[in-house]
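Let me begin by presenting the structure, written as structure tokens, before commenting on it.
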Amino acid sequence: MGLALMTKRGVACYQPKRDGKLIGTLFSLYNDPAQEVLMEVSAQRLTARRGGPLRGRIKPPGDKSISHRALILGLLSIGETAIEGLLEGDDVLHTADVCRELGADVVRTGEGCWRVRGCGVGSLLAPRKTLDFGNSGTGMRLMMGVVGGHGITASFDGDASLRKRPMRRILDPLLLMGAEVLKQAEGGRCPLELKGASEPIPIEYRTPVASAQIKSAVLLAGLNSPGRTVVIEPEASRDHTERMLKYFGAGIEVESFGENGRKISLEGRPELRPAPIAVPGDPSSAAFVLVAATIVPGSDVIIESMMMNPLRTGLLTTLLEMGADVEINDRREEGGEEVADLRVRAAELRGVDVPAGRAPSMIDEYPILAVAAAFAHGQTRMRGLNELRVKESDRLEAVAAGLRAAGIEPRIIGDDLIVEGHGGDVPGGGLVATHLDHRIAMSFLCLGLASRRPVEIDDASMIATSFPTFRPQMERLGAQFA
Ligand SMILES: O=C(O)C1=C[C@@H](OP(=O)(O)O)[C@@H](O)[C@H](O)C1
Ligand SMILES: C=C(OP(=O)(O)O)C(=O)O
């Protein structure tokens, strides 16, 4: 999204860059040559306040994980992949740009409708510029896998949040496959430069944590390997890469491994055949509506076409245990995933103990679950949240600080977050620091819709990474933001 400003010296046309800075071109009134100017933009503060009940229907945006993968598999197929319902959030738009840089023809043909004409496994172009992923861990890590398995060299970078996130977890297996790291920031972080292996060595890799990003990076690198790549995960993480690879014709087998794990085996060098993709509604975005409708008294909302993949529905399971009033209607298949319409009515919640084993199926939903826990009667303990420390922010600390700002006293013991619920009566009233993290921003806006006093967040701009229509869609249900 651009911005044009009339200044004393001319018209400045700005494009967003990283961290609240805009880079722009000044078209001078005085015939000077156009010049690049940098401008600090004040963060977008936003306040949520309690109003009437939330009512109506809402269709969550396309799933972010599937949107990234649809573009990437489009790049790796020969022919045209048609995508409907693509999430047009900043994270995914960065992935689309990177696919273009690696040789794909990527065109938007209508709202959420995109066409990707790919180059095929083994035939990517070397990028001419740094691959910029903005705020997106998924985009960067999956593309590191793609580049790591192709004989091309690429530089990877992102915003201040992404520059703090660990990339060694991706580099480790890629090095085993023959890739080389030419440059890296301290601790294997970006900006980094990676030289991919032109003939990646097939490996068997055990992921050290349940992470779909690590698993996917290894599988995507393995696509161009002359043998069989195997990934073993201790606990099953979201399986969109495996499902989509199969759908595009790759030879891939998934077996259970141990109690909750999986073993995935992929035959290298398949010819991926493009196939049409309909992206289902993102349960991680629907999560905000689900909790807001539960905690705002009198609410009655229908969430349409939410993806019900069991590796993504941990929040729904937990809210039902807490006493949420959610009817699951019209379960059906759309685009290879099960979806359903959810009717959510306001309800009194009770605190629960959330087992660590559930974390992979709701990893991005803990900030909003913590908000639900603040409105519950009794204690909620969320166990095993170590991975929250390496998301867009340290989410464990950011959630605890946000709750404190809103008058709740959480505790962090080891990797567990403990919230003593205030029933329906949460004080609110603070200013919440969002640390370039969209999920922190949306979670505390939802808290402010039901707390006694309004809640202000310091920056709403990052919401555009995953749920660009959050504000207007929530306002249509009756949410009060200013
Ligand atoms: O593969 C994916 O699309 C994602 C995997 C998860 O990360 P991890 O793999 O680090 O758990 C999740 O937090 C992220 O939002 C999306
Ligand atoms: C962790 C998230 O995304 P990513 O890792 O892609 O930045 C998220 O969307 O909550």
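Letters for chains follow the order of the structure tokens (A, B, ...), residue numbers begin at 1 for each chain, and ligand numbers begin at 1 in the order shown.
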
Taking the chain letters and numbering used in this document, name the residues of stretch 1-231 of chain A that DSSP puts in strand (DSSP E or B), as an MDAnalysis selection string.
chainID A and resid 3:7 10:16 21:28 35:40 46:49 55:58 62 78:84 105:110 113:119 131:132 153:157 180:185 189:195 204:206 228:231

Mind running stretch 159-225 of chain A against stretch 256-269 of chain A at 9 Å and telling me each contacting residue's nearest atom pair with the distance in Å (one decimal), counting only C-alpha atoms, chain and number ascending, as a Markdown table?
| residue | atom | partner | partner_atom | distance |
| --- | --- | --- | --- | --- |
| A:Pro202 | CA | A:Gly268 | CA | 8.2 |
| A:Glu204 | CA | A:Ser265 | CA | 8.7 |
| A:Arg206 | CA | A:Lys263 | CA | 9.0 |
| A:Ala210 | CA | A:Gly261 | CA | 8.8 |
| A:Lys215 | CA | A:Ile264 | CA | 9.0 |
| A:Leu219 | CA | A:Leu266 | CA | 7.0 |
| A:Gly222 | CA | A:Gly268 | CA | 5.9 |
| A:Leu223 | CA | A:Gly268 | CA | 4.6 |
| A:Asn224 | CA | A:Arg269 | CA | 5.0 |
| A:Ser225 | CA | A:Gly268 | CA | 4.9 |

Could you write out that same residue set with C-alpha atoms as a CSV table (one decimal), in the first residue's frame?
chain,number,residue,atom,x,y,z
A,202,PRO,CA,19.0,-37.1,0.7
A,204,GLU,CA,16.9,-38.6,7.3
A,206,ARG,CA,14.7,-35.7,13.1
A,210,ALA,CA,7.6,-29.9,16.5
A,215,LYS,CA,9.8,-30.0,8.3
A,219,LEU,CA,11.0,-31.5,2.3
A,222,GLY,CA,14.6,-32.7,-0.7
A,223,LEU,CA,12.4,-32.1,-3.8
A,224,ASN,CA,15.5,-31.6,-5.9
A,225,SER,CA,17.4,-34.4,-4.3

Using only C-alpha atoms, I'd like a table of the residues in stretch 321-393 of chain A that come within 9 Å of stretch 296-299 of chain A; for each, show the closest atom pair and its distance in Å rounded to one decimal, ordered by chain and ascending number, as JSON lines.
{"residue": "A:Val344", "atom": "CA", "partner": "A:Ser299", "partner_atom": "CA", "distance": 7.7}
{"residue": "A:Arg345", "atom": "CA", "partner": "A:Ser299", "partner_atom": "CA", "distance": 5.4}
{"residue": "A:Ala346", "atom": "CA", "partner": "A:Ser299", "partner_atom": "CA", "distance": 5.1}
{"residue": "A:Ala347", "atom": "CA", "partner": "A:Pro297", "partner_atom": "CA", "distance": 7.5}

The selected residues should be written to file as an mmCIF file, in the first residue's frame (atoms: C-alpha atoms).
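Output below, filename result.cif:
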data_model
loop_
_atom_site.group_PDB
_atom_site.id
_atom_site.type_symbol
_atom_site.label_atom_id
_atom_site.label_comp_id
_atom_site.auth_asym_id
_atom_site.auth_seq_id
_atom_site.Cartn_x
_atom_site.Cartn_y
_atom_site.Cartn_z
ATOM 1 C CA VAL A 344 -20.424 -18.848 18.511
ATOM 2 C CA ARG A 345 -22.491 -17.380 21.316
ATOM 3 C CA ALA A 346 -21.198 -15.564 24.390
ATOM 4 C CA ALA A 347 -20.562 -17.892 27.327
#

Got a sec: who's within 9 Å of stretch 175-183 of chain A, counting only C-alpha atoms, leaving out chain neighbours fewer than 6 positions off, as a PyMOL selection string?
chain A and resi 147-151+153+155+190-203+218+221-222+225

Dump of N, CA and C atoms for the selected residues, as a short mmCIF file (atom, residue, chain, number, x, y, z; two decimals), in the first residue's frame:
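As written to disk, selection-v6.cif reads:
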data_model
loop_
_atom_site.label_atom_id
_atom_site.label_comp_id
_atom_site.auth_asym_id
_atom_site.auth_seq_id
_atom_site.Cartn_x
_atom_site.Cartn_y
_atom_site.Cartn_z
N VAL A 147 15.70 -22.71 -1.77
CA VAL A 147 17.01 -22.28 -2.28
C VAL A 147 18.08 -23.29 -1.88
N GLY A 148 18.00 -23.80 -0.63
CA GLY A 148 19.00 -24.75 -0.13
C GLY A 148 19.08 -26.02 -0.97
N GLY A 149 18.01 -26.34 -1.68
CA GLY A 149 18.00 -27.54 -2.50
C GLY A 149 18.19 -27.25 -3.98
N HIS A 150 18.54 -26.03 -4.30
CA HIS A 150 18.78 -25.68 -5.71
C HIS A 150 20.17 -25.05 -5.80
N GLY A 151 20.83 -25.22 -6.89
CA GLY A 151 22.20 -24.69 -7.01
C GLY A 151 22.22 -23.20 -7.29
N THR A 153 22.38 -19.06 -5.42
CA THR A 153 22.78 -18.33 -4.22
C THR A 153 21.78 -17.20 -4.00
N SER A 155 20.35 -14.03 -1.04
CA SER A 155 20.44 -13.31 0.24
C SER A 155 19.04 -13.19 0.81
N CYS A 190 19.19 -13.71 10.14
CA CYS A 190 19.30 -12.94 8.91
C CYS A 190 19.68 -11.51 9.26
N PRO A 191 20.30 -10.72 8.36
CA PRO A 191 20.52 -11.05 6.95
C PRO A 191 21.53 -12.18 6.77
N LEU A 192 21.20 -13.08 5.84
CA LEU A 192 22.13 -14.18 5.58
C LEU A 192 22.14 -14.49 4.08
N GLU A 193 23.21 -15.16 3.68
CA GLU A 193 23.34 -15.53 2.27
C GLU A 193 23.56 -17.04 2.20
N LEU A 194 22.80 -17.68 1.36
CA LEU A 194 22.81 -19.13 1.29
C LEU A 194 23.14 -19.58 -0.13
N LYS A 195 24.06 -20.55 -0.22
CA LYS A 195 24.36 -21.14 -1.54
C LYS A 195 23.75 -22.54 -1.52
N GLY A 196 22.79 -22.77 -2.36
CA GLY A 196 22.09 -24.06 -2.34
C GLY A 196 22.92 -25.17 -2.95
N ALA A 197 22.56 -26.41 -2.62
CA ALA A 197 23.24 -27.58 -3.19
C ALA A 197 22.58 -27.89 -4.53
N SER A 198 23.39 -28.07 -5.59
CA SER A 198 22.75 -28.36 -6.88
C SER A 198 22.28 -29.82 -6.93
N GLU A 199 22.90 -30.66 -6.10
CA GLU A 199 22.49 -32.07 -6.02
C GLU A 199 22.33 -32.39 -4.53
N PRO A 200 21.23 -31.94 -3.90
CA PRO A 200 21.11 -32.10 -2.44
C PRO A 200 21.21 -33.57 -2.01
N ILE A 201 21.94 -33.78 -0.92
CA ILE A 201 22.12 -35.14 -0.40
C ILE A 201 20.83 -35.56 0.30
N PRO A 202 20.27 -36.72 -0.04
CA PRO A 202 19.05 -37.13 0.66
C PRO A 202 19.38 -37.46 2.12
N ILE A 203 18.63 -36.96 3.06
CA ILE A 203 18.93 -37.20 4.47
C ILE A 203 17.70 -37.74 5.19
N VAL A 218 12.99 -28.85 4.98
CA VAL A 218 13.74 -30.06 4.60
C VAL A 218 13.05 -30.74 3.40
N ALA A 221 13.66 -28.75 0.22
CA ALA A 221 15.03 -28.96 -0.27
C ALA A 221 15.15 -30.35 -0.88
N GLY A 222 14.49 -31.32 -0.26
CA GLY A 222 14.55 -32.71 -0.73
C GLY A 222 13.89 -32.92 -2.08
N SER A 225 16.39 -33.48 -4.67
CA SER A 225 17.44 -34.44 -4.32
C SER A 225 17.24 -35.72 -5.15
#

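For ligand 2, the protein and nucleic acid residues at most 9 Å away, judged by only C-alpha atoms and all ligand atoms, amount to Lys64, Ser65, Asp91, Asn135, Ser136, Gly137, Thr138, Gly139, Met140, Arg141, Ser161, Leu162, Gln213, Ser284, Ile363, Asp364, Glu365, Leu388, Val390, Lys391, Glu392, Ser393, Asp437, His438, Arg439, Thr465 and Ser466 of chain A.
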
Save the residues we just selected, N, CA and C atoms, as a PDB file, in the first residue's frame?
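Produced file result_29.pdb, reproduced below:
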ATOM      1  N   LYS A  64      -3.054 -18.603   6.098  1.00  0.00           N
ATOM      2  CA  LYS A  64      -1.716 -18.049   5.765  1.00  0.00           C
ATOM      3  C   LYS A  64      -0.749 -19.168   5.396  1.00  0.00           C
ATOM      4  N   SER A  65      -0.758 -20.253   6.162  1.00  0.00           N
ATOM      5  CA  SER A  65       0.178 -21.358   5.877  1.00  0.00           C
ATOM      6  C   SER A  65      -0.060 -21.920   4.479  1.00  0.00           C
ATOM      7  N   ASP A  91       2.607 -10.804   4.674  1.00  0.00           N
ATOM      8  CA  ASP A  91       3.513 -11.964   4.710  1.00  0.00           C
ATOM      9  C   ASP A  91       3.467 -12.727   3.388  1.00  0.00           C
ATOM     10  N   ASN A 135       7.990  -9.549   7.659  1.00  0.00           N
ATOM     11  CA  ASN A 135       7.792 -10.024   9.035  1.00  0.00           C
ATOM     12  C   ASN A 135       7.615 -11.550   9.098  1.00  0.00           C
ATOM     13  N   SER A 136       7.801 -12.222   7.942  1.00  0.00           N
ATOM     14  CA  SER A 136       7.293 -13.592   7.830  1.00  0.00           C
ATOM     15  C   SER A 136       8.327 -14.703   8.029  1.00  0.00           C
ATOM     16  N   GLY A 137       8.224 -15.388   9.150  1.00  0.00           N
ATOM     17  CA  GLY A 137       9.079 -16.546   9.426  1.00  0.00           C
ATOM     18  C   GLY A 137       8.786 -17.678   8.455  1.00  0.00           C
ATOM     19  N   THR A 138       7.507 -17.942   8.192  1.00  0.00           N
ATOM     20  CA  THR A 138       7.160 -19.054   7.303  1.00  0.00           C
ATOM     21  C   THR A 138       7.729 -18.818   5.910  1.00  0.00           C
ATOM     22  N   GLY A 139       7.508 -17.622   5.368  1.00  0.00           N
ATOM     23  CA  GLY A 139       8.010 -17.318   4.030  1.00  0.00           C
ATOM     24  C   GLY A 139       9.511 -17.538   3.967  1.00  0.00           C
ATOM     25  N   MET A 140      10.239 -16.957   4.930  1.00  0.00           N
ATOM     26  CA  MET A 140      11.697 -17.067   4.863  1.00  0.00           C
ATOM     27  C   MET A 140      12.148 -18.515   5.029  1.00  0.00           C
ATOM     28  N   ARG A 141      11.607 -19.211   6.004  1.00  0.00           N
ATOM     29  CA  ARG A 141      12.133 -20.553   6.283  1.00  0.00           C
ATOM     30  C   ARG A 141      11.795 -21.537   5.161  1.00  0.00           C
ATOM     31  N   SER A 161      11.852  -7.656  13.504  1.00  0.00           N
ATOM     32  CA  SER A 161      11.349  -8.837  14.211  1.00  0.00           C
ATOM     33  C   SER A 161      11.972 -10.098  13.597  1.00  0.00           C
ATOM     34  N   LEU A 162      11.939 -10.200  12.286  1.00  0.00           N
ATOM     35  CA  LEU A 162      12.457 -11.404  11.622  1.00  0.00           C
ATOM     36  C   LEU A 162      13.966 -11.537  11.826  1.00  0.00           C
ATOM     37  N   GLN A 213       7.646 -25.528  10.005  1.00  0.00           N
ATOM     38  CA  GLN A 213       8.559 -24.758   9.152  1.00  0.00           C
ATOM     39  C   GLN A 213       9.852 -25.540   8.910  1.00  0.00           C
ATOM     40  N   SER A 284      -6.384 -19.597  12.509  1.00  0.00           N
ATOM     41  CA  SER A 284      -5.599 -18.724  13.392  1.00  0.00           C
ATOM     42  C   SER A 284      -6.131 -17.293  13.357  1.00  0.00           C
ATOM     43  N   ILE A 363      -0.339 -23.370  18.124  1.00  0.00           N
ATOM     44  CA  ILE A 363       0.854 -22.625  18.556  1.00  0.00           C
ATOM     45  C   ILE A 363       0.668 -21.110  18.422  1.00  0.00           C
ATOM     46  N   ASP A 364      -0.048 -20.663  17.388  1.00  0.00           N
ATOM     47  CA  ASP A 364      -0.204 -19.214  17.206  1.00  0.00           C
ATOM     48  C   ASP A 364      -1.394 -18.654  17.986  1.00  0.00           C
ATOM     49  N   GLU A 365      -2.136 -19.534  18.671  1.00  0.00           N
ATOM     50  CA  GLU A 365      -3.372 -19.093  19.311  1.00  0.00           C
ATOM     51  C   GLU A 365      -3.214 -18.819  20.812  1.00  0.00           C
ATOM     52  N   LEU A 388       6.976 -20.204  21.983  1.00  0.00           N
ATOM     53  CA  LEU A 388       6.397 -18.853  21.868  1.00  0.00           C
ATOM     54  C   LEU A 388       7.457 -17.770  21.997  1.00  0.00           C
ATOM     55  N   VAL A 390      10.153 -17.547  20.374  1.00  0.00           N
ATOM     56  CA  VAL A 390      10.864 -17.252  19.117  1.00  0.00           C
ATOM     57  C   VAL A 390       9.900 -16.954  17.962  1.00  0.00           C
ATOM     58  N   LYS A 391       8.777 -16.367  18.297  1.00  0.00           N
ATOM     59  CA  LYS A 391       7.838 -15.966  17.239  1.00  0.00           C
ATOM     60  C   LYS A 391       8.136 -14.504  16.869  1.00  0.00           C
ATOM     61  N   GLU A 392       7.158 -13.798  16.298  1.00  0.00           N
ATOM     62  CA  GLU A 392       7.397 -12.421  15.865  1.00  0.00           C
ATOM     63  C   GLU A 392       7.901 -11.553  17.028  1.00  0.00           C
ATOM     64  N   SER A 393       7.473 -11.918  18.254  1.00  0.00           N
ATOM     65  CA  SER A 393       8.036 -11.319  19.471  1.00  0.00           C
ATOM     66  C   SER A 393       8.248 -12.481  20.436  1.00  0.00           C
ATOM     67  N   ASP A 437       4.241  -7.470  16.446  1.00  0.00           N
ATOM     68  CA  ASP A 437       3.612  -8.798  16.449  1.00  0.00           C
ATOM     69  C   ASP A 437       2.094  -8.668  16.254  1.00  0.00           C
ATOM     70  N   HIS A 438       1.631  -9.106  15.076  1.00  0.00           N
ATOM     71  CA  HIS A 438       0.211  -9.021  14.721  1.00  0.00           C
ATOM     72  C   HIS A 438      -0.692  -9.741  15.714  1.00  0.00           C
ATOM     73  N   ARG A 439      -0.244 -10.900  16.218  1.00  0.00           N
ATOM     74  CA  ARG A 439      -1.151 -11.667  17.096  1.00  0.00           C
ATOM     75  C   ARG A 439      -1.305 -10.989  18.461  1.00  0.00           C
ATOM     76  N   THR A 465      -0.182  -8.111   8.256  1.00  0.00           N
ATOM     77  CA  THR A 465       0.610  -9.266   7.806  1.00  0.00           C
ATOM     78  C   THR A 465      -0.265 -10.501   7.616  1.00  0.00           C
ATOM     79  N   SER A 466      -1.288 -10.664   8.481  1.00  0.00           N
ATOM     80  CA  SER A 466      -2.056 -11.916   8.437  1.00  0.00           C
ATOM     81  C   SER A 466      -3.570 -11.720   8.289  1.00  0.00           C
TER      82      SER A 466
END

From a DSSP calculation on the backbone, collect every residue of stretch 191-310 of chain A in alpha helix (DSSP H) and output the set as a PyMOL selection string.
chain A and resi 212-222+240-247+283-295

Would you mind listing what lies within 12 Å of A:Ile302 as a list in words, with only C-alpha atoms counted and same-chain residues fewer than 6 positions away left out?
Leu54, Arg55, Gly56, Arg57, Ile58, Lys59, Pro60, Ala286, Val289, Leu290, Ala293, Thr294, Asp325, Val326, Glu327, Ile328, Asn329, Asp330, Ala340, Asp341, Leu342, Arg343, Val344, Arg345, Ala346 and Leu477 of chain A

Point out the residue among A:Ile232, A:Ile303, A:Ala372, A:Ala212 with the least atom-to-atom distance to ligand 1, counting only C-alpha atoms and all ligand atoms.
A:Ala212

May I ask which of the residues A:Pro53, A:Pro360, A:Gly120, A:Pro280 is the closest one to ligand 1, counting only C-alpha atoms and all ligand atoms?
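Ranking A:Pro53, A:Pro360, A:Gly120, A:Pro280 by distance to ligand 1, first place goes to A:Pro360.
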
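Atom CA of A:Gln473 is found 15.9 Å from atom CA of A:Thr47.
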
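Minimum distance to A:Val146 across A:Ala160, A:Leu102, A:Ile457, A:Leu436 (counting only C-alpha atoms) occurs at A:Leu102.
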
Atom CA of A:Gly336 to atom CA of A:Ser305, straight-line distance in Å
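Computed distance, atom CA of A:Ser305 to atom CA of A:Gly336, equals 12.9 Å.
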
With only C-alpha atoms as the counted atoms, please give the residues lying no more than 9 Å from A:Pro468, apart from itself and same-chain residues fewer than 5 positions off, as a list in words.
Pro61, Leu87, Glu88, Gly89, Asp90, Met462 and Ile463 of chain A

From the list A:Leu93, A:Val254, A:Val279, A:Ala359, which residue is nearest ligand 1 when using only C-alpha atoms and all ligand atoms?
A:Ala359

What does the distance between atom CA of A:Ile78 and atom CA of A:Cys99 come to in Å, to one decimal place?
13.5 Å

Given only C-alpha atoms and all ligand atoms as the basis, pick out the residue of A:Thr95, A:Gln184, A:Ser77, A:Ser211 nearest to ligand 1.
A:Ser211

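Nearest to ligand 1 of all the residues A:Met306, A:Ala154, A:Leu125, A:Leu385 is A:Leu385, based on only C-alpha atoms and all ligand atoms.
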